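Written below as structure tokens is the structure these notes are about.
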Amino acid sequence: MTAPSSATDPRRLEEARERVEALREQIRHHDYRYYVLQEPEVGDTQYDLLFRELRDLEAAHPELVSPDSPTQRVAGEAVEGFASVQHREPMLSLGNVFNAEELTAWYQRLVRNIERTDVRFVCEPKIDGLAISLIYEGGRFVQGATRGDGTRGEDITANLRTIRSIPLVLDAPASSLPRAFEVRGEIYLSKAEFARLNEERRAAGEQLYMNPRNTAAGSLRQLDPRITASRRLDLFVYQLGWVDGDRPVDSHSAAMAWLGSLGLPTNPLAQQFDDIDAVARFCEGWVARRDALEYDIDGVVTKVDDFAIQRQLGIVGRDPRWAIAWKFPAEQAVTQLREIAVSVGRTGVLTPFAALEPVFVGGATVSMATLHNAAHIADLDIRAGDDVIVQRAGDVIPQVVAPVLSRRAGRELAPFVMPSTCPECGSAVMHSDDEAAYYCRNRRCPAQLARQVEHFASRGAMDIEGLGEKMAYTLVDENLIDSLADLYVLASEKREQLFAIKGLGEKKLGALFANIEASKHQPLQRLLIGLSIRHVGSETARALAVHFGTMRALRDASLEELQAVADVGPVVAESVYDYLRDEENVALIDRLTALGLRMDDDVSARGGPLEGLSIVVTGSLDRWSRNEVETLIKGLGGKVTGAVSKSTAFVVAGPGGGSKRERAETLSIEILDEAAFVERLHEYGWRDEDSATT
Ligand SMILES: [Zn+2]
């Protein structure tokens, strides 16, 4: 082996060594800012320059390369298989509770055991990922393993080295650290990264991944670390494991603070509580807000903070007595797809949906799920009779994620074909090649009218209480109405017939009539929503009402004038224009006018305090759900956008907002936490009690 050229010049080598050390230090610092704190100080270009300089120096002086250099994260070669690793202390499982009573029962057993009630708990969201063990020796990452069966796992050190939030060198002098210790954590894939990977697969025509957890599991067990590196996995550490020598801390919370100070990523959402009711409220709170996080969680873990009490409580079977998982209802389940049925919407669109063998998922029994459209069914190759994965998350409508293809083997299942006639009225179904949708074009289609009535009366539109789906179908099925305008003559013309229908009391009908009458005063934007004009949702309706002020002005508007309205695109403008030139629609509006419906809008709705501002919301807020805060911002004239860009006015960031916050910082966009946002609203003249009216 020839000696490296630098060996001939010790001074140059020494200079290079110093520079290499300095670069590694800087890169580690920026990795920590970026991947752990999610608060980068420098842009990508600057980071790349540092990285390139280090790589070049190491190439020129190979004797300076060390395994903990940031350039060596993806240096491992593909392997045949993973070596088995014995965990020095078993990786235990956790007992489960599902509600506050069970949590209280756990607490009471615990208190009886230790004969004291002054116990502090630490709670944190339970990441839906893969548990791993990391071993540091002399401050350097030396081994990482999967949990495996809890006693033996697999050595996946090379793959874990590729994860940028795992420090290869801890941020403390080795002399200040225990000789060796173990840290436990959860590897996960963020929702955004999962979506990015699936987008790549969709583009490549490959089968899509099911969920972030499975994808993270598959990525960690890649035999080629380069593949793992390409998946951008992430980590939260949740526990200090064994320690060679004295434990530097005596409680879990102190351990987490210590690990955080060494550069390991800990979950900032962890909280301490002194009473079990507060723990229960924390857990319940996350059931409702889990979707706001940028990663999946499947519960909340509660631990006794004090290590001495932990030791006193000990372990029963495989579960420690000092920790418990409050598990959320599973959001995915497998069941049989009995039939692909088709429903007809208020604008005549035919929508296929899944009729399922009822299954308990996401905390409720689900027997129907959306299938979106025919193209989606074809893409995923979903067939009636398949076993399918059903997902129900939060308030989102249950959906069929994918068929379980392995269970189809040997069965003859026919691909789905859209019916050629409307399942409700038998008219021919129309389909144009440039759109995914199929339509029933029959204006007298009873299903369409019933849906239109239901929508017209809904809370976001004319807000007629007592006129829901069931009543809408009754009115249509009993031939009491032929159009939306007929609703306003029900009280005068169909009173007797309605009273004759079984199950409708006099009181109930009286209230319904009064509510229908009261809806005549709804402003134009609500009427526009209620009319079921294709492509016109609440935002477009608002833009049109604010811009034109009256139905008359809207009807007189040319196509060009409609297109000139902010937030109204060409397709929407054309749809509105065509709607207002259709004879039947014109007759309907004339009749509604004659019946005394209001045909203008409150002009003062124009020019809300947030008008013209585009705002991004990320993370979870205490005071509002995601929907509520968006409605609030829109109600004040602002625009809510999904991505941070240069035109973003400011970002409202609650806990858990990661990548959007980062992006805002990179672009120097103002970031407001919840309190600052409320303060800003106050500056704009908004008062707390206003939120009740949005
Ligand atoms: Zn029809």
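Starting from 1 in every chain, residues are counted up; chains themselves are A, B, ... following the order of the structure tokens, and ligands are numbered from 1 as listed.
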For ligand 1, list the contacting residues at 8 Å or closer, counting only C-alpha atoms and all ligand atoms, as a list of chain:residue names. A:Val344, A:Gly348, A:Thr421, A:Cys422, A:Pro423, A:Glu424, A:Cys425, A:Gly426, A:Ser427, A:Cys440, A:Arg441, A:Asn442, A:Arg443, A:Arg444, A:Cys445, A:Pro446, A:Ala447, A:Gln448
Write the residues of the preceding selection, restricted to C-alpha atoms, as a short mmCIF file (atom, residue, chain, number, x, y, z; two decimals), in the first residue's frame.
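Okay, out_34.cif is ready:
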```
data_model
loop_
_atom_site.label_atom_id
_atom_site.label_comp_id
_atom_site.auth_asym_id
_atom_site.auth_seq_id
_atom_site.Cartn_x
_atom_site.Cartn_y
_atom_site.Cartn_z
CA VAL A 344 -76.32 9.25 -7.27
CA GLY A 348 -76.07 13.64 -10.85
CA THR A 421 -78.01 3.24 -16.59
CA CYS A 422 -78.73 5.26 -13.44
CA PRO A 423 -79.41 2.87 -10.54
CA GLU A 424 -82.08 5.28 -9.25
CA CYS A 425 -84.07 6.30 -12.32
CA GLY A 426 -82.84 4.08 -15.15
CA SER A 427 -81.75 6.92 -17.47
CA CYS A 440 -77.17 10.77 -14.61
CA ARG A 441 -78.46 13.67 -16.70
CA ASN A 442 -82.15 13.18 -15.90
CA ARG A 443 -83.45 16.33 -14.23
CA ARG A 444 -86.33 14.39 -12.72
CA CYS A 445 -84.08 11.77 -11.17
CA PRO A 446 -85.62 11.41 -7.68
CA ALA A 447 -82.31 10.58 -6.02
CA GLN A 448 -80.77 13.82 -7.29
#
```
Would you return as a VMD selection string the members of stretch 320-394 of chain A that DSSP assigns to strand (DSSP E or B) on this structure's backbone? chain A and resid 320 323 to 327 332 to 344 349 to 361 364 to 370 383 387 to 391
When DSSP works through the backbone of this structure, what residues of stretch 570-668 of chain A end up as helix (DSSP H, G or I), shown as a PyMOL selection string? chain A and resi 570-579+583-594+603-605+626-635+659-666
Nearest to A:Phe82 among A:Gly263, A:Gly153, A:Gly637, A:Pro398, with distances taken over only C-alpha atoms: which residue is it?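 Of A:Gly263, A:Gly153, A:Gly637, A:Pro398, the one nearest A:Phe82 is A:Gly153, counting only C-alpha atoms.
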Near stretch 551-560 of chain A, counting only C-alpha atoms, which residues have an atom at most 9 Å away, once you skip same-chain residues fewer than 4 positions from it, shown as a PyMOL selection string? chain A and resi 524+544-545+547+564+570+573-574+576-577+580-581+589+599-601
Counting only C-alpha atoms, figure out which residue out of A:Gly642, A:Pro125, A:Gly81, A:Pro265 gets nearest to A:Leu223.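 Looking only at the distances to A:Leu223, the closest residue turns out to be A:Gly81.
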Residues near A:Ser84, cut-off 10 Å, only C-alpha atoms, skip fewer than 6 positions along chain, as a PyMOL selection string: chain A and resi 145-146+148+152-156
Output for the residues just chosen: N, CA and C atoms as an mmCIF file, in the first residue's frame:
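Output file part22.cif is given in full below:
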```cif
data_model
loop_
_atom_site.group_PDB
_atom_site.id
_atom_site.type_symbol
_atom_site.label_atom_id
_atom_site.label_comp_id
_atom_site.auth_asym_id
_atom_site.auth_seq_id
_atom_site.Cartn_x
_atom_site.Cartn_y
_atom_site.Cartn_z
ATOM 1 N N ALA A 145 -30.436 -2.213 17.159
ATOM 2 C CA ALA A 145 -31.137 -3.472 16.905
ATOM 3 C C ALA A 145 -32.645 -3.281 16.948
ATOM 4 N N THR A 146 -33.336 -4.179 16.238
ATOM 5 C CA THR A 146 -34.795 -4.182 16.317
ATOM 6 C C THR A 146 -35.213 -4.788 17.652
ATOM 7 N N GLY A 148 -37.392 -7.182 17.928
ATOM 8 C CA GLY A 148 -37.521 -8.627 17.735
ATOM 9 C C GLY A 148 -38.585 -9.178 18.656
ATOM 10 N N ARG A 152 -34.410 -11.209 21.764
ATOM 11 C CA ARG A 152 -33.437 -11.152 20.679
ATOM 12 C C ARG A 152 -34.004 -10.319 19.543
ATOM 13 N N GLY A 153 -33.153 -9.446 19.003
ATOM 14 C CA GLY A 153 -33.547 -8.654 17.840
ATOM 15 C C GLY A 153 -32.535 -8.828 16.737
ATOM 16 N N GLU A 154 -32.648 -8.020 15.703
ATOM 17 C CA GLU A 154 -31.717 -8.087 14.591
ATOM 18 C C GLU A 154 -30.806 -6.863 14.590
ATOM 19 N N ASP A 155 -29.552 -7.095 14.238
ATOM 20 C CA ASP A 155 -28.570 -6.015 14.190
ATOM 21 C C ASP A 155 -28.786 -5.211 12.907
ATOM 22 N N ILE A 156 -29.327 -4.007 13.057
ATOM 23 C CA ILE A 156 -29.577 -3.168 11.878
ATOM 24 C C ILE A 156 -28.764 -1.870 11.978
#
```
Which polymer residues have any atom within 7 Å of an atom of A:Lys639, counting only C-alpha atoms, with same-chain residues fewer than 4 positions away left out, as a list in words?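 Listed by chain and then number, they are Leu613, Ser614, Ile615, Ile633 and Lys634 of chain A.
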Near A:Gly596, within 12 Å and counting only C-alpha atoms, which residues show up once chain neighbours fewer than 6 positions away are dropped, as a PDB file with N, CA, C and O atoms, in the first residue's frame?
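Output (part.pdb):
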```pdb
ATOM      1  N   ALA A 485     -87.991  24.953  -4.876  1.00  0.00           N
ATOM      2  CA  ALA A 485     -88.944  26.022  -4.565  1.00  0.00           C
ATOM      3  C   ALA A 485     -90.195  25.472  -3.879  1.00  0.00           C
ATOM      4  O   ALA A 485     -90.814  26.157  -3.056  1.00  0.00           O
ATOM      5  N   TYR A 488     -91.031  25.848  -0.133  1.00  0.00           N
ATOM      6  CA  TYR A 488     -91.593  27.053   0.469  1.00  0.00           C
ATOM      7  C   TYR A 488     -93.113  27.134   0.354  1.00  0.00           C
ATOM      8  O   TYR A 488     -93.718  28.075   0.852  1.00  0.00           O
ATOM      9  N   VAL A 489     -93.723  26.162  -0.326  1.00  0.00           N
ATOM     10  CA  VAL A 489     -95.195  26.126  -0.342  1.00  0.00           C
ATOM     11  C   VAL A 489     -95.725  24.886   0.370  1.00  0.00           C
ATOM     12  O   VAL A 489     -96.921  24.611   0.353  1.00  0.00           O
ATOM     13  N   ILE A 516     -88.222  26.497   7.652  1.00  0.00           N
ATOM     14  CA  ILE A 516     -88.173  26.738   6.206  1.00  0.00           C
ATOM     15  C   ILE A 516     -88.449  28.221   5.929  1.00  0.00           C
ATOM     16  O   ILE A 516     -87.735  28.868   5.165  1.00  0.00           O
ATOM     17  N   GLU A 517     -89.459  28.742   6.604  1.00  0.00           N
ATOM     18  CA  GLU A 517     -89.815  30.149   6.416  1.00  0.00           C
ATOM     19  C   GLU A 517     -88.641  31.064   6.793  1.00  0.00           C
ATOM     20  O   GLU A 517     -88.294  31.993   6.052  1.00  0.00           O
ATOM     21  N   ALA A 518     -88.011  30.746   7.922  1.00  0.00           N
ATOM     22  CA  ALA A 518     -86.907  31.588   8.412  1.00  0.00           C
ATOM     23  C   ALA A 518     -85.722  31.583   7.443  1.00  0.00           C
ATOM     24  O   ALA A 518     -84.978  32.556   7.341  1.00  0.00           O
ATOM     25  N   SER A 519     -85.557  30.478   6.713  1.00  0.00           N
ATOM     26  CA  SER A 519     -84.394  30.365   5.827  1.00  0.00           C
ATOM     27  C   SER A 519     -84.465  31.341   4.653  1.00  0.00           C
ATOM     28  O   SER A 519     -83.468  31.560   3.966  1.00  0.00           O
ATOM     29  N   LYS A 520     -85.641  31.934   4.446  1.00  0.00           N
ATOM     30  CA  LYS A 520     -85.766  32.918   3.361  1.00  0.00           C
ATOM     31  C   LYS A 520     -84.823  34.102   3.564  1.00  0.00           C
ATOM     32  O   LYS A 520     -84.492  34.811   2.629  1.00  0.00           O
ATOM     33  N   HIS A 521     -84.401  34.317   4.798  1.00  0.00           N
ATOM     34  CA  HIS A 521     -83.548  35.480   5.086  1.00  0.00           C
ATOM     35  C   HIS A 521     -82.066  35.188   4.961  1.00  0.00           C
ATOM     36  O   HIS A 521     -81.246  36.058   5.203  1.00  0.00           O
ATOM     37  N   GLN A 522     -81.737  33.961   4.588  1.00  0.00           N
ATOM     38  CA  GLN A 522     -80.311  33.640   4.456  1.00  0.00           C
ATOM     39  C   GLN A 522     -79.688  34.479   3.345  1.00  0.00           C
ATOM     40  O   GLN A 522     -80.313  34.727   2.321  1.00  0.00           O
ATOM     41  N   ILE A 589     -84.941  30.148  -9.906  1.00  0.00           N
ATOM     42  CA  ILE A 589     -84.497  31.352  -9.196  1.00  0.00           C
ATOM     43  C   ILE A 589     -85.604  32.415  -9.197  1.00  0.00           C
ATOM     44  O   ILE A 589     -85.858  33.065  -8.177  1.00  0.00           O
ATOM     45  N   ASP A 590     -86.292  32.565 -10.341  1.00  0.00           N
ATOM     46  CA  ASP A 590     -87.406  33.522 -10.403  1.00  0.00           C
ATOM     47  C   ASP A 590     -88.475  33.166  -9.378  1.00  0.00           C
ATOM     48  O   ASP A 590     -89.039  34.015  -8.702  1.00  0.00           O
TER      49      ASP A 590
END
```
For the contact check between stretch 228-321 of chain A and stretch 328-337 of chain A, emit one row per residue of stretch 228-321 of chain A within 12 Å, containing the shortest atom pair and the distance in Å rounded to one decimal, counting only C-alpha atoms, chain then rising number order, as JSON lines.
```
{"residue": "A:Cys283", "atom": "CA", "partner": "A:Phe328", "partner_atom": "CA", "distance": 9.1}
{"residue": "A:Glu284", "atom": "CA", "partner": "A:Phe328", "partner_atom": "CA", "distance": 9.2}
{"residue": "A:Gly285", "atom": "CA", "partner": "A:Phe328", "partner_atom": "CA", "distance": 11.3}
{"residue": "A:Trp286", "atom": "CA", "partner": "A:Phe328", "partner_atom": "CA", "distance": 9.0}
{"residue": "A:Val287", "atom": "CA", "partner": "A:Phe328", "partner_atom": "CA", "distance": 6.5}
{"residue": "A:Ala288", "atom": "CA", "partner": "A:Phe328", "partner_atom": "CA", "distance": 10.0}
{"residue": "A:Arg289", "atom": "CA", "partner": "A:Phe328", "partner_atom": "CA", "distance": 11.5}
{"residue": "A:Arg290", "atom": "CA", "partner": "A:Phe328", "partner_atom": "CA", "distance": 9.5}
{"residue": "A:Asp291", "atom": "CA", "partner": "A:Glu331", "partner_atom": "CA", "distance": 11.3}
{"residue": "A:Asp296", "atom": "CA", "partner": "A:Glu331", "partner_atom": "CA", "distance": 10.5}
{"residue": "A:Ile297", "atom": "CA", "partner": "A:Phe328", "partner_atom": "CA", "distance": 8.5}
{"residue": "A:Asp298", "atom": "CA", "partner": "A:Phe328", "partner_atom": "CA", "distance": 5.4}
{"residue": "A:Gly299", "atom": "CA", "partner": "A:Phe328", "partner_atom": "CA", "distance": 4.9}
{"residue": "A:Val300", "atom": "CA", "partner": "A:Phe328", "partner_atom": "CA", "distance": 8.1}
{"residue": "A:Val301", "atom": "CA", "partner": "A:Phe328", "partner_atom": "CA", "distance": 11.0}
```
Applying 10 Å and only C-alpha atoms, which residues near A:Ala229 remain after dropping the ones on its own chain fewer than 5 positions away? List them as a short mmCIF file (atom, residue, chain, number, x, y, z; two decimals) with N, CA, C and O atoms, in the first residue's frame.
```cif
data_model
loop_
_atom_site.label_atom_id
_atom_site.label_comp_id
_atom_site.auth_asym_id
_atom_site.auth_seq_id
_atom_site.Cartn_x
_atom_site.Cartn_y
_atom_site.Cartn_z
N ARG A 73 -22.49 7.77 6.79
CA ARG A 73 -23.81 7.27 7.18
C ARG A 73 -24.29 6.15 6.25
O ARG A 73 -24.92 5.21 6.68
N VAL A 74 -24.02 6.28 4.97
CA VAL A 74 -24.50 5.29 4.02
C VAL A 74 -23.34 4.48 3.45
O VAL A 74 -23.33 4.13 2.30
N ALA A 158 -26.17 -0.69 10.43
CA ALA A 158 -25.84 0.03 9.18
C ALA A 158 -27.04 0.84 8.71
O ALA A 158 -26.90 1.97 8.24
N ASN A 159 -28.24 0.26 8.83
CA ASN A 159 -29.43 0.98 8.40
C ASN A 159 -29.74 2.16 9.32
O ASN A 159 -30.12 3.23 8.86
N LEU A 160 -29.57 1.95 10.60
CA LEU A 160 -29.87 3.03 11.54
C LEU A 160 -28.88 4.20 11.37
O LEU A 160 -29.24 5.35 11.56
N ARG A 161 -27.66 3.90 10.98
CA ARG A 161 -26.69 4.97 10.77
C ARG A 161 -27.14 5.95 9.69
O ARG A 161 -26.74 7.10 9.68
N THR A 162 -27.99 5.48 8.77
CA THR A 162 -28.45 6.35 7.68
C THR A 162 -29.50 7.35 8.15
O THR A 162 -29.84 8.28 7.42
N ILE A 163 -30.04 7.15 9.34
CA ILE A 163 -31.11 8.05 9.81
C ILE A 163 -30.48 9.29 10.44
O ILE A 163 -29.78 9.18 11.43
N ARG A 164 -30.73 10.43 9.82
CA ARG A 164 -29.99 11.64 10.19
C ARG A 164 -30.30 12.15 11.57
O ARG A 164 -29.54 12.91 12.14
N SER A 219 -38.59 -0.58 5.43
CA SER A 219 -37.40 0.22 5.13
C SER A 219 -36.25 -0.12 6.07
O SER A 219 -35.10 -0.15 5.69
N LEU A 220 -36.59 -0.37 7.34
CA LEU A 220 -35.56 -0.66 8.34
C LEU A 220 -34.92 -2.01 8.08
O LEU A 220 -33.76 -2.22 8.43
N GLN A 222 -34.29 -3.39 5.20
CA GLN A 222 -33.66 -3.51 3.89
C GLN A 222 -32.24 -4.03 4.07
O GLN A 222 -31.51 -3.57 4.93
N ASP A 224 -29.96 -3.58 1.94
CA ASP A 224 -29.07 -2.56 1.38
C ASP A 224 -29.34 -1.22 2.06
O ASP A 224 -30.40 -0.63 1.88
#
```
Any idea what the distance is between atom CA of A:Ser133 and atom CA of A:Ile187?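 Atom-to-atom, atom CA of A:Ser133 to atom CA of A:Ile187, that is 10.1 Å.
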Pick out the closest residue to A:Arg88 from this set: A:Tyr473, A:Phe548, A:Tyr295, A:Trp242. Count only C-alpha atoms.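 Using only C-alpha atoms, A:Arg88 sits closest to A:Trp242.
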Atom pair atom CA of A:Leu621 / atom CA of A:Leu672: separation (Å):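 Atom CA of A:Leu621 sits 11.6 Å away from atom CA of A:Leu672.
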